>>> print(open('data.txt').read())   # compact mmCIF, C-alpha atoms (C1' of nucleotides)
# COMPACT_ATOMS: atom_id res chain seq x y z
CA MET A 1 0.00 0.00 0.00
CA ALA A 2 1.18 3.51 -0.82
CA ALA A 3 1.68 6.46 1.48
CA ASP A 4 -2.07 6.69 1.75
CA SER A 5 -2.07 9.95 3.61
CA TYR A 6 -1.98 13.49 2.29
CA SER A 7 -2.24 16.92 3.78
CA ILE A 8 -4.58 19.47 2.27
CA SER A 9 -1.72 21.31 0.62
CA ASP A 10 -0.28 18.08 -0.72
CA LEU A 11 -3.41 17.51 -2.74
CA ALA A 12 -3.75 21.18 -3.58
CA ARG A 13 -0.27 21.19 -5.06
CA GLU A 14 -0.65 17.94 -6.92
CA PHE A 15 -3.94 18.82 -8.58
CA GLU A 16 -3.36 22.54 -8.87
CA VAL A 17 -6.36 23.62 -6.90
CA THR A 18 -6.49 25.80 -3.81
CA THR A 19 -7.09 24.54 -0.31
CA ARG A 20 -10.27 26.58 -0.38
CA THR A 21 -11.47 24.39 -3.19
CA LEU A 22 -10.81 21.23 -1.20
CA ARG A 23 -12.66 22.57 1.82
CA PHE A 24 -15.46 23.62 -0.45
CA TYR A 25 -15.75 20.13 -1.90
CA GLU A 26 -15.90 18.76 1.59
CA GLU A 27 -18.60 21.24 2.52
CA LYS A 28 -20.54 20.01 -0.48
CA GLY A 29 -20.20 16.40 0.59
CA LEU A 30 -17.80 15.37 -2.16
CA LEU A 31 -14.85 14.66 0.10
CA ALA A 32 -14.70 13.51 3.69
CA PRO A 33 -11.14 13.52 5.01
CA VAL A 34 -10.39 12.25 8.48
CA ARG A 35 -9.25 14.65 11.17
CA SER A 36 -6.00 14.48 13.01
CA GLY A 37 -6.64 16.89 15.81
CA ASN A 38 -7.94 19.84 13.89
CA SER A 39 -6.26 19.14 10.58
CA ARG A 40 -7.64 17.27 7.63
CA VAL A 41 -5.96 14.05 6.56
CA TYR A 42 -6.77 12.76 3.11
CA SER A 43 -6.54 9.10 2.21
CA SER A 44 -5.68 7.73 -1.21
CA THR A 45 -9.37 7.06 -1.62
CA ASP A 46 -9.99 10.75 -1.12
CA ARG A 47 -7.32 11.40 -3.68
CA VAL A 48 -9.07 9.23 -6.22
CA ARG A 49 -12.37 10.91 -5.52
CA LEU A 50 -10.76 14.29 -6.11
CA LYS A 51 -9.36 13.05 -9.38
CA LEU A 52 -12.82 11.97 -10.43
CA ILE A 53 -14.34 15.28 -9.42
CA LEU A 54 -11.85 17.20 -11.50
CA ARG A 55 -12.28 14.92 -14.45
CA GLY A 56 -16.01 15.45 -14.19
CA LYS A 57 -15.46 19.18 -14.15
CA ARG A 58 -13.42 19.08 -17.32
CA LEU A 59 -16.21 17.16 -18.99
CA GLY A 60 -18.76 19.75 -18.04
CA PHE A 61 -20.43 18.01 -15.12
CA SER A 62 -21.52 19.99 -12.11
CA LEU A 63 -20.25 19.06 -8.69
CA ASP A 64 -23.61 17.57 -7.86
CA GLU A 65 -23.48 15.40 -10.94
CA SER A 66 -19.94 14.35 -10.18
CA ARG A 67 -20.96 13.35 -6.70
CA ASP A 68 -23.74 11.22 -8.16
CA ILE A 69 -21.38 9.58 -10.58
CA ILE A 70 -18.76 8.91 -7.95
CA THR A 71 -21.19 7.30 -5.58
CA MET A 72 -22.03 5.00 -8.46
CA TYR A 73 -18.53 3.63 -8.34
CA GLU A 74 -18.63 2.86 -4.68
CA PRO A 75 -19.30 -0.51 -3.09
CA THR A 76 -23.01 -0.97 -3.26
CA THR A 77 -24.32 -2.66 -0.18
CA GLY A 78 -27.79 -2.18 -1.57
CA ASN A 79 -30.63 -4.58 -2.09
CA LEU A 80 -32.06 -5.64 -5.41
CA ARG A 81 -34.19 -2.59 -5.96
CA GLN A 82 -31.24 -0.32 -5.28
CA LEU A 83 -29.09 -2.29 -7.66
CA GLU A 84 -31.62 -1.95 -10.40
CA SER A 85 -31.96 1.74 -9.85
CA LEU A 86 -28.20 2.06 -9.95
CA LEU A 87 -28.08 0.18 -13.22
CA ALA A 88 -30.64 2.56 -14.64
CA LYS A 89 -28.58 5.54 -13.59
CA ILE A 90 -25.51 4.04 -15.15
CA GLN A 91 -27.31 3.56 -18.42
CA GLU A 92 -28.43 7.13 -18.30
CA LYS A 93 -24.94 8.50 -17.72
CA ARG A 94 -23.60 6.21 -20.37
CA THR A 95 -26.02 7.60 -22.89
CA VAL A 96 -25.02 11.13 -22.02
CA LEU A 97 -21.33 10.32 -22.25
CA GLU A 98 -21.67 8.56 -25.57
CA GLN A 99 -23.59 11.52 -26.91
CA ARG A 100 -20.88 13.88 -25.80
CA ARG A 101 -18.28 11.72 -27.40
CA LYS A 102 -20.11 12.06 -30.68
CA GLU A 103 -20.26 15.79 -30.26
CA ILE A 104 -16.57 15.93 -29.59
CA ASP A 105 -15.99 13.93 -32.73
CA SER A 106 -18.02 16.26 -34.87
CA MET A 107 -16.27 19.19 -33.29
CA LEU A 108 -12.94 17.62 -34.19
CA LYS A 109 -14.21 17.03 -37.68
CA ASP A 110 -15.13 20.69 -38.00
CA LEU A 111 -11.73 21.73 -36.75
CA ARG A 112 -9.98 19.45 -39.20
CA GLN A 113 -12.02 20.90 -42.02
CA THR A 114 -11.15 24.45 -41.07
CA GLU A 115 -7.57 23.37 -40.69
CA SER A 116 -7.30 22.01 -44.18
CA MET A 117 -8.92 25.14 -45.52
CA CYS A 118 -6.23 27.11 -43.80
CA LEU A 119 -3.54 24.89 -45.17
CA GLU A 120 -4.86 25.30 -48.69
CA ALA A 121 -4.82 29.04 -48.27
CA LEU A 122 -1.24 29.02 -47.07
CA PRO A 123 1.46 29.53 -49.69
CA LYS A 124 3.19 26.19 -50.18
CA ARG A 125 6.44 27.50 -48.89
CA SER A 126 5.08 28.15 -45.40
CA ARG A 127 3.52 24.78 -44.86
CA LYS A 128 6.40 23.01 -43.28
CA VAL A 129 6.47 25.71 -40.64
CA ALA A 130 2.82 26.09 -39.84
CA GLY A 131 1.63 22.66 -40.87
CA ARG A 132 0.33 19.61 -39.12
CA ALA A 133 1.42 18.66 -35.65
CA GLY A 134 -1.27 15.97 -35.67
CA SER A 135 -0.01 12.43 -35.18
CA MET B 1 -32.13 27.62 -49.79
CA ALA B 2 -34.24 27.11 -46.70
CA ALA B 3 -36.54 29.54 -44.90
CA ASP B 4 -33.44 31.30 -43.66
CA SER B 5 -35.32 33.49 -41.24
CA TYR B 6 -36.39 32.84 -37.67
CA SER B 7 -37.97 34.85 -34.92
CA ILE B 8 -36.48 34.84 -31.47
CA SER B 9 -39.15 32.53 -30.18
CA ASP B 10 -38.70 30.20 -33.14
CA LEU B 11 -35.15 29.53 -32.09
CA ALA B 12 -36.04 29.51 -28.43
CA ARG B 13 -38.59 26.80 -29.02
CA GLU B 14 -36.41 24.74 -31.30
CA PHE B 15 -33.41 24.69 -29.01
CA GLU B 16 -35.29 24.79 -25.73
CA VAL B 17 -33.73 27.96 -24.43
CA THR B 18 -35.43 31.16 -23.34
CA THR B 19 -35.51 34.35 -25.33
CA ARG B 20 -33.53 35.87 -22.49
CA THR B 21 -30.76 33.45 -23.27
CA LEU B 22 -30.71 34.48 -26.93
CA ARG B 23 -30.58 38.14 -26.04
CA PHE B 24 -27.85 37.37 -23.56
CA TYR B 25 -25.78 35.61 -26.19
CA GLU B 26 -26.19 38.61 -28.43
CA GLU B 27 -25.13 40.91 -25.64
CA LYS B 28 -22.03 38.77 -25.26
CA GLY B 29 -21.23 39.01 -28.93
CA LEU B 30 -22.05 35.42 -29.80
CA LEU B 31 -25.01 36.17 -32.01
CA ALA B 32 -25.80 39.18 -34.18
CA PRO B 33 -29.29 38.95 -35.66
CA VAL B 34 -30.52 41.59 -38.06
CA ARG B 35 -33.29 43.95 -37.03
CA SER B 36 -36.62 44.28 -38.74
CA GLY B 37 -37.89 47.45 -37.18
CA ASN B 38 -37.35 46.70 -33.56
CA SER B 39 -37.48 42.94 -33.72
CA ARG B 40 -34.64 40.52 -34.11
CA VAL B 41 -34.47 38.38 -37.21
CA TYR B 42 -32.18 35.37 -37.11
CA SER B 43 -30.66 33.87 -40.24
CA SER B 44 -29.82 30.23 -40.71
CA THR B 45 -26.23 31.20 -40.08
CA ASP B 46 -27.29 32.50 -36.69
CA ARG B 47 -29.08 29.23 -36.15
CA VAL B 48 -25.93 27.28 -36.83
CA ARG B 49 -23.96 29.49 -34.50
CA LEU B 50 -26.50 28.89 -31.77
CA LYS B 51 -26.21 25.17 -32.35
CA LEU B 52 -22.46 25.41 -31.95
CA ILE B 53 -22.77 27.47 -28.79
CA LEU B 54 -25.04 24.92 -27.18
CA ARG B 55 -22.85 22.06 -28.23
CA GLY B 56 -19.91 23.86 -26.69
CA LYS B 57 -21.89 24.25 -23.50
CA ARG B 58 -22.63 20.57 -23.29
CA LEU B 59 -18.95 19.87 -23.67
CA GLY B 60 -18.06 22.15 -20.80
CA PHE B 61 -16.83 25.16 -22.74
CA SER B 62 -17.60 28.64 -21.51
CA LEU B 63 -19.37 31.09 -23.77
CA ASP B 64 -16.12 32.91 -24.32
CA GLU B 65 -14.43 29.72 -25.41
CA SER B 66 -17.31 28.84 -27.66
CA ARG B 67 -17.11 32.22 -29.30
CA ASP B 68 -13.43 31.67 -29.94
CA ILE B 69 -14.07 28.27 -31.45
CA ILE B 70 -16.90 29.51 -33.62
CA THR B 71 -14.86 32.33 -35.05
CA MET B 72 -12.34 29.70 -36.02
CA TYR B 73 -14.89 28.19 -38.36
CA GLU B 74 -15.63 31.42 -40.11
CA PRO B 75 -14.24 32.58 -43.43
CA THR B 76 -10.77 33.79 -42.69
CA THR B 77 -9.92 36.85 -44.68
CA GLY B 78 -6.68 36.98 -42.79
CA ASN B 79 -3.14 37.25 -43.95
CA LEU B 80 -0.43 34.66 -43.51
CA ARG B 81 0.39 35.49 -39.93
CA GLN B 82 -3.27 35.32 -38.97
CA LEU B 83 -3.63 32.01 -40.70
CA GLU B 84 -0.72 30.58 -38.81
CA SER B 85 -2.05 31.82 -35.52
CA LEU B 86 -5.40 30.30 -36.35
CA LEU B 87 -3.77 26.99 -37.12
CA ALA B 88 -2.05 27.10 -33.77
CA LYS B 89 -5.32 27.74 -32.00
CA ILE B 90 -6.92 24.87 -33.83
CA GLN B 91 -4.15 22.55 -32.75
CA GLU B 92 -4.63 23.67 -29.21
CA LYS B 93 -8.35 23.04 -29.20
CA ARG B 94 -7.81 19.73 -30.90
CA THR B 95 -5.48 18.64 -28.15
CA VAL B 96 -8.01 19.61 -25.52
CA LEU B 97 -10.80 17.81 -27.30
CA GLU B 98 -8.80 14.67 -27.82
CA GLN B 99 -7.87 14.69 -24.16
CA ARG B 100 -11.50 15.00 -23.17
CA ARG B 101 -12.41 12.19 -25.45
CA LYS B 102 -9.97 10.00 -23.62
CA GLU B 103 -11.43 11.05 -20.31
CA ILE B 104 -14.90 10.23 -21.50
CA ASP B 105 -13.64 6.83 -22.57
CA SER B 106 -12.15 6.06 -19.19
CA MET B 107 -15.32 7.28 -17.56
CA LEU B 108 -17.30 4.91 -19.74
CA LYS B 109 -14.90 2.15 -18.84
CA ASP B 110 -15.45 2.82 -15.15
CA LEU B 111 -19.18 2.78 -15.63
CA ARG B 112 -19.07 -0.50 -17.50
CA GLN B 113 -17.02 -1.99 -14.74
CA THR B 114 -19.46 -0.92 -12.07
CA GLU B 115 -22.26 -2.13 -14.26
CA SER B 116 -20.89 -5.62 -14.52
CA MET B 117 -20.32 -5.70 -10.79
CA CYS B 118 -23.97 -4.87 -10.36
CA LEU B 119 -25.00 -7.53 -12.79
CA GLU B 120 -22.93 -10.13 -10.97
CA ALA B 121 -24.58 -9.16 -7.73
CA LEU B 122 -28.03 -9.49 -9.20
CA PRO B 123 -29.79 -12.84 -8.84
CA LYS B 124 -29.86 -14.46 -12.28
CA ARG B 125 -33.59 -14.33 -12.46
CA SER B 126 -33.71 -10.53 -12.43
CA ARG B 127 -31.19 -9.94 -15.16
CA LYS B 128 -33.48 -9.96 -18.11
CA VAL B 129 -35.42 -7.15 -16.44
CA ALA B 130 -32.62 -4.96 -15.23
CA GLY B 131 -29.98 -5.99 -17.70
CA ARG B 132 -28.29 -4.38 -20.59
CA ALA B 133 -29.95 -1.75 -22.70
CA GLY B 134 -26.60 -1.23 -24.37
CA SER B 135 -26.34 -1.57 -28.13
C1' DG C 1 -61.42 49.16 -29.08
C1' DT C 2 -59.48 46.23 -26.24
C1' DT C 3 -57.57 41.87 -25.33
C1' DT C 4 -53.98 38.55 -26.75
C1' DA C 5 -49.56 37.39 -28.51
C1' DC C 6 -45.16 38.60 -29.38
C1' DG C 7 -41.65 41.72 -29.23
C1' DT C 8 -38.56 45.32 -26.82
C1' DT C 9 -35.29 47.57 -22.99
C1' DT C 10 -33.73 48.16 -18.27
C1' DA C 11 -32.48 46.44 -14.18
C1' DC C 12 -32.21 43.84 -10.12
C1' DG C 13 -32.05 38.73 -8.41
C1' DT C 14 -30.03 34.04 -8.26
C1' DT C 15 -27.02 29.92 -8.29
C1' DA C 16 -22.64 27.48 -8.67
C1' DA C 17 -18.06 27.46 -7.67
C1' DC C 18 -15.03 29.18 -5.77
C1' DG C 19 -11.71 33.86 -4.19
C1' DT C 20 -10.25 36.66 -0.57
C1' DA C 21 -9.59 38.48 3.83
C1' DA C 22 -9.68 38.41 8.84
C1' DA C 23 -8.75 36.39 13.07
C1' DC C 24 -7.10 32.53 15.33
C1' DT C 25 -4.36 27.89 16.55
C1' DA C 26 -0.53 24.73 16.52
C1' DT C 27 3.97 23.16 15.57
C1' DA C 28 8.72 24.04 14.15
C1' DC C 29 12.79 26.31 13.64
C1' DT C 30 16.50 29.88 15.32
C1' DA D 1 11.02 34.43 22.96
C1' DG D 2 9.99 35.26 18.47
C1' DT D 3 8.62 34.25 13.89
C1' DA D 4 7.79 31.53 10.03
C1' DT D 5 4.80 27.75 8.19
C1' DA D 6 0.70 25.25 7.74
C1' DG D 7 -3.53 24.60 9.39
C1' DT D 8 -8.42 26.19 10.99
C1' DT D 9 -13.27 28.76 10.88
C1' DT D 10 -16.27 32.50 9.55
C1' DA D 11 -17.93 35.42 6.39
C1' DC D 12 -18.34 38.56 2.76
C1' DG D 13 -17.00 39.20 -2.41
C1' DT D 14 -16.94 37.77 -7.32
C1' DT D 15 -17.94 35.88 -11.96
C1' DA D 16 -20.64 33.42 -15.41
C1' DA D 17 -24.90 32.50 -17.16
C1' DC D 18 -28.80 33.29 -17.10
C1' DG D 19 -33.96 34.15 -14.31
C1' DT D 20 -37.46 37.28 -13.31
C1' DA D 21 -40.12 41.30 -13.16
C1' DA D 22 -41.54 45.86 -14.65
C1' DA D 23 -42.95 48.88 -18.11
C1' DC D 24 -43.61 49.57 -22.64
C1' DG D 25 -44.51 49.09 -28.24
C1' DT D 26 -47.13 46.82 -32.14
C1' DA D 27 -50.06 44.20 -34.76
C1' DA D 28 -53.50 40.71 -35.49
C1' DA D 29 -58.02 38.82 -33.54
C1' DC D 30 -62.38 39.21 -31.59
>>> encode(input="data.txt", output="structure tokens")
Amino acid sequence: MAADSYSISDLAREFEVTTRTLRFYEEKGLLAPVRSGNSRVYSSTDRVRLKLILRGKRLGFSLDESRDIITMYEPTTGNLRQLESLLAKIQEKRTVLEQRRKEIDSMLKDLRQTESMCLEALPKRSRKVAGRAGS
Amino acid sequence: MAADSYSISDLAREFEVTTRTLRFYEEKGLLAPVRSGNSRVYSSTDRVRLKLILRGKRLGFSLDESRDIITMYEPTTGNLRQLESLLAKIQEKRTVLEQRRKEIDSMLKDLRQTESMCLEALPKRSRKVAGRAGS
DNA sequence: GTTTACGTTTACGTTAACGTAAACTATACT
DNA sequence: AGTATAGTTTACGTTAACGTAAACGTAAAC
């Protein structure tokens, strides 16, 4: 097992957020670090949760949505009805994510199109300078 | 050519936003409908722009970012230096988008994993009810 | 001719997601 | 002892992206 214990500024540094942000996430019920005296002590589980929160943010999910998604990943002690409801939620999120993936793809397509228009407009001589960095 | 002309409430209805939103986007320089007397008249170009704005939103881009992206798509009258700067911006956005696509994929992977854990936990009898809607 | 539907501007209100500052505590060097 | 470093709580401030309400114009419908 790894170090498994981080201070608030450890995580803040690593993920480039402020300590205020971490306390805010806790306030919102997204993180729940243990206390050592007065200070917060984050476990590696907390670290993972933070990672998921930030990933969610980048993908345009609200903190509330991220919390929902994260609780999906957690050990479900639930009964059958809860399991089925969880499965339904998963399907729902999956649909959303797959839709967004498509939108990203068409956005990329648009960008590539504009890009090639640009390249056509460029005098041949300049191409090796300005041209494709892609793959 | 299509109808090519929409009222503010036409677009509001079609895209399920309020008229306030459309006026707000205009205020922010994202849309620029023509006026007929006092009223706004949106062209099909405006409609496309709106579509792009909303897509950007779903993908977690701010309105400012969306405006930047949209102007990338537009006919570049620019000179060589402008073209090269545009190409650079495109590359940048492409990188971001490709990164997000990866993140979506790993999110989907996580969801699938949780899903199969759920399915394992379900008594066999229930599976045909709760099971896969996928594909 | 007035009600209904649709449009306008102006302006203050609201929510999410933090930023920022003040005032305080607890170790940890020097 | 003094001061730097890292932590805490409390609370008001800020920005983006609209919501909401007031007060008004205009044109068709009854």
>>> residues_around(input="data.txt", residues="DA17 of chain D", least_positions_apart="6", cutoff="10 Å", atoms="only C-alpha atoms (C1' of nucleotides)", output="ChimeraX atom specification")
/B:21,24-25,62-63 /C:15
>>> interface_residues(input="data.txt", of="chain C", to="chain A", cutoff="10 Å", atoms="all atoms listed in the file", output="list in words")
DA16, DA17, DC18, DG19, DT25 and DA26 of chain C
>>> closest_atom_pairs(input="data.txt", of="chain B", to="chain A", cutoff="6 Å", atoms="only C-alpha atoms", output="JSON lines")
{"residue": "B:Leu59", "atom": "CA", "partner": "A:Gly60", "partner_atom": "CA", "distance": 5.6}
{"residue": "B:Gly60", "atom": "CA", "partner": "A:Gly60", "partner_atom": "CA", "distance": 3.7}
{"residue": "B:Tyr73", "atom": "CA", "partner": "A:Thr114", "partner_atom": "CA", "distance": 5.9}
{"residue": "B:Glu84", "atom": "CA", "partner": "A:Ala130", "partner_atom": "CA", "distance": 5.8}
{"residue": "B:Thr114", "atom": "CA", "partner": "A:Tyr73", "partner_atom": "CA", "distance": 6.0}
{"residue": "B:Ala130", "atom": "CA", "partner": "A:Glu84", "partner_atom": "CA", "distance": 5.8}
>>> residues_around(input="data.txt", residues="segment 6-8 of chain D", least_positions_apart="2", cutoff="12 Å", atoms="only C-alpha atoms (C1' of nucleotides)", output="mmCIF file with C-alpha atoms (C1' of nucleotides), in the frame of the given file")
data_model
loop_
_atom_site.group_PDB
_atom_site.id
_atom_site.type_symbol
_atom_site.label_atom_id
_atom_site.label_comp_id
_atom_site.auth_asym_id
_atom_site.auth_seq_id
_atom_site.Cartn_x
_atom_site.Cartn_y
_atom_site.Cartn_z
ATOM 1 C CA SER A 7 -2.240 16.920 3.780
ATOM 2 C CA ILE A 8 -4.580 19.470 2.270
ATOM 3 C CA SER A 9 -1.720 21.310 0.620
ATOM 4 C CA ASP A 10 -0.280 18.080 -0.720
ATOM 5 C CA THR A 19 -7.090 24.540 -0.310
ATOM 6 C CA ARG A 20 -10.270 26.580 -0.380
ATOM 7 C CA ARG A 23 -12.660 22.570 1.820
ATOM 8 C CA ARG A 35 -9.250 14.650 11.170
ATOM 9 C CA SER A 36 -6.000 14.480 13.010
ATOM 10 C CA GLY A 37 -6.640 16.890 15.810
ATOM 11 C CA ASN A 38 -7.940 19.840 13.890
ATOM 12 C CA SER A 39 -6.260 19.140 10.580
ATOM 13 C CA ARG A 40 -7.640 17.270 7.630
ATOM 14 C CA VAL A 41 -5.960 14.050 6.560
ATOM 15 C "C1'" DA C 23 -8.750 36.390 13.070
ATOM 16 C "C1'" DC C 24 -7.100 32.530 15.330
ATOM 17 C "C1'" DT C 25 -4.360 27.890 16.550
ATOM 18 C "C1'" DA C 26 -0.530 24.730 16.520
ATOM 19 C "C1'" DT C 27 3.970 23.160 15.570
ATOM 20 C "C1'" DA C 28 8.720 24.040 14.150
ATOM 21 C "C1'" DA D 4 7.790 31.530 10.030
ATOM 22 C "C1'" DT D 10 -16.270 32.500 9.550
#
>>> axis_aligned_box(input="data.txt", around="segment 57-74 of chain B", padding_each_side="8 Å", output="lines of an AutoDock Vina configuration file")
center_x = -17.5
center_y = 26.4
center_z = -30.5
size_x = 26.3
size_y = 29.0
size_z = 35.3
>>> residues_around(input="data.txt", residues="DT14 of chain C", least_positions_apart="2", cutoff="12 Å", atoms="only C-alpha atoms (C1' of nucleotides)", output="PyMOL selection string")
(chain C and resi 12+16) or (chain D and resi 16-20)
>>> residues_around(input="data.txt", residues="DA22 of chain C", least_positions_apart="3", cutoff="12 Å", atoms="only C-alpha atoms (C1' of nucleotides)", output="list of chain:residue names")
D:DT9, D:DT10, D:DA11, D:DC12
>>> atom_distance(input="data.txt", atom1="atom CA of Phe15 of chain B", atom2="atom C1' of DT10 of chain C")
25.8 Å
>>> residues_around(input="data.txt", residues="DC30 of chain D", least_positions_apart="3", cutoff="12 Å", atoms="all atoms listed in the file", output="list in words")
DG1, DT2, DT3 and DT4 of chain C
>>> closest_residue(input="data.txt", among="B:Leu31, B:Val17, B:Leu50, B:Leu11", to="chain D", atoms="all atoms listed in the file")
B:Val17
>>> atom_distance(input="data.txt", atom1="atom CA of Lys51 of chain A", atom2="atom CA of Arg13 of chain A")
12.9 Å
>>> atom_distance(input="data.txt", atom1="atom CA of Tyr42 of chain B", atom2="atom C1' of DA29 of chain D")
26.3 Å
>>> closest_residue(input="data.txt", among="B:Glu27, B:Asp4, B:Glu14, B:Ser43", to="chain D", atoms="all atoms listed in the file")
B:Glu27
>>> decode(input="data.txt", residues="segment 36-44 of chain A", atoms="all heavy atoms", output="short mmCIF file (atom, residue, chain, number, x, y, z; two decimals), in the first residue's frame")
data_model
loop_
_atom_site.label_atom_id
_atom_site.label_comp_id
_atom_site.auth_asym_id
_atom_site.auth_seq_id
_atom_site.Cartn_x
_atom_site.Cartn_y
_atom_site.Cartn_z
N SER A 36 -7.03 14.78 12.03
CA SER A 36 -6.00 14.48 13.01
C SER A 36 -5.89 15.73 13.88
O SER A 36 -5.26 16.71 13.50
CB SER A 36 -4.68 14.18 12.31
OG SER A 36 -3.62 14.34 13.22
N GLY A 37 -6.51 15.68 15.02
CA GLY A 37 -6.64 16.89 15.81
C GLY A 37 -7.61 17.80 15.09
O GLY A 37 -8.78 17.45 14.90
N ASN A 38 -7.10 18.90 14.62
CA ASN A 38 -7.94 19.84 13.89
C ASN A 38 -7.75 19.72 12.38
O ASN A 38 -8.59 20.14 11.61
CB ASN A 38 -7.61 21.26 14.36
CG ASN A 38 -8.82 22.16 14.25
OD1 ASN A 38 -9.93 21.67 14.00
ND2 ASN A 38 -8.62 23.43 14.44
N SER A 39 -6.63 19.14 12.00
CA SER A 39 -6.26 19.14 10.58
C SER A 39 -6.89 18.00 9.79
O SER A 39 -7.13 16.92 10.32
CB SER A 39 -4.74 19.05 10.47
OG SER A 39 -4.16 20.23 11.00
N ARG A 40 -7.09 18.27 8.54
CA ARG A 40 -7.64 17.27 7.63
C ARG A 40 -6.54 16.31 7.15
O ARG A 40 -5.45 16.74 6.79
CB ARG A 40 -8.25 17.95 6.42
CG ARG A 40 -9.49 18.74 6.74
CD ARG A 40 -9.84 19.67 5.59
NE ARG A 40 -11.14 20.29 5.78
CZ ARG A 40 -11.33 21.37 6.52
NH1 ARG A 40 -10.32 21.96 7.13
NH2 ARG A 40 -12.55 21.88 6.65
N VAL A 41 -6.88 15.05 7.12
CA VAL A 41 -5.96 14.05 6.56
C VAL A 41 -6.70 13.30 5.48
O VAL A 41 -7.72 12.67 5.72
CB VAL A 41 -5.48 13.07 7.65
CG1 VAL A 41 -4.59 12.00 7.03
CG2 VAL A 41 -4.76 13.82 8.75
N TYR A 42 -6.13 13.39 4.27
CA TYR A 42 -6.77 12.76 3.11
C TYR A 42 -6.15 11.41 2.82
O TYR A 42 -4.93 11.25 2.80
CB TYR A 42 -6.62 13.66 1.89
CG TYR A 42 -7.33 14.99 2.03
CD1 TYR A 42 -6.72 16.05 2.68
CD2 TYR A 42 -8.61 15.17 1.53
CE1 TYR A 42 -7.38 17.27 2.82
CE2 TYR A 42 -9.27 16.38 1.66
CZ TYR A 42 -8.65 17.43 2.31
OH TYR A 42 -9.29 18.62 2.46
N SER A 43 -7.00 10.44 2.57
CA SER A 43 -6.54 9.10 2.21
C SER A 43 -6.37 9.01 0.70
O SER A 43 -6.76 9.92 -0.03
CB SER A 43 -7.56 8.07 2.67
OG SER A 43 -8.73 8.18 1.90
N SER A 44 -5.83 7.89 0.24
CA SER A 44 -5.68 7.73 -1.21
C SER A 44 -7.05 7.56 -1.86
O SER A 44 -7.21 7.84 -3.05
CB SER A 44 -4.78 6.54 -1.50
OG SER A 44 -5.41 5.36 -1.12
#
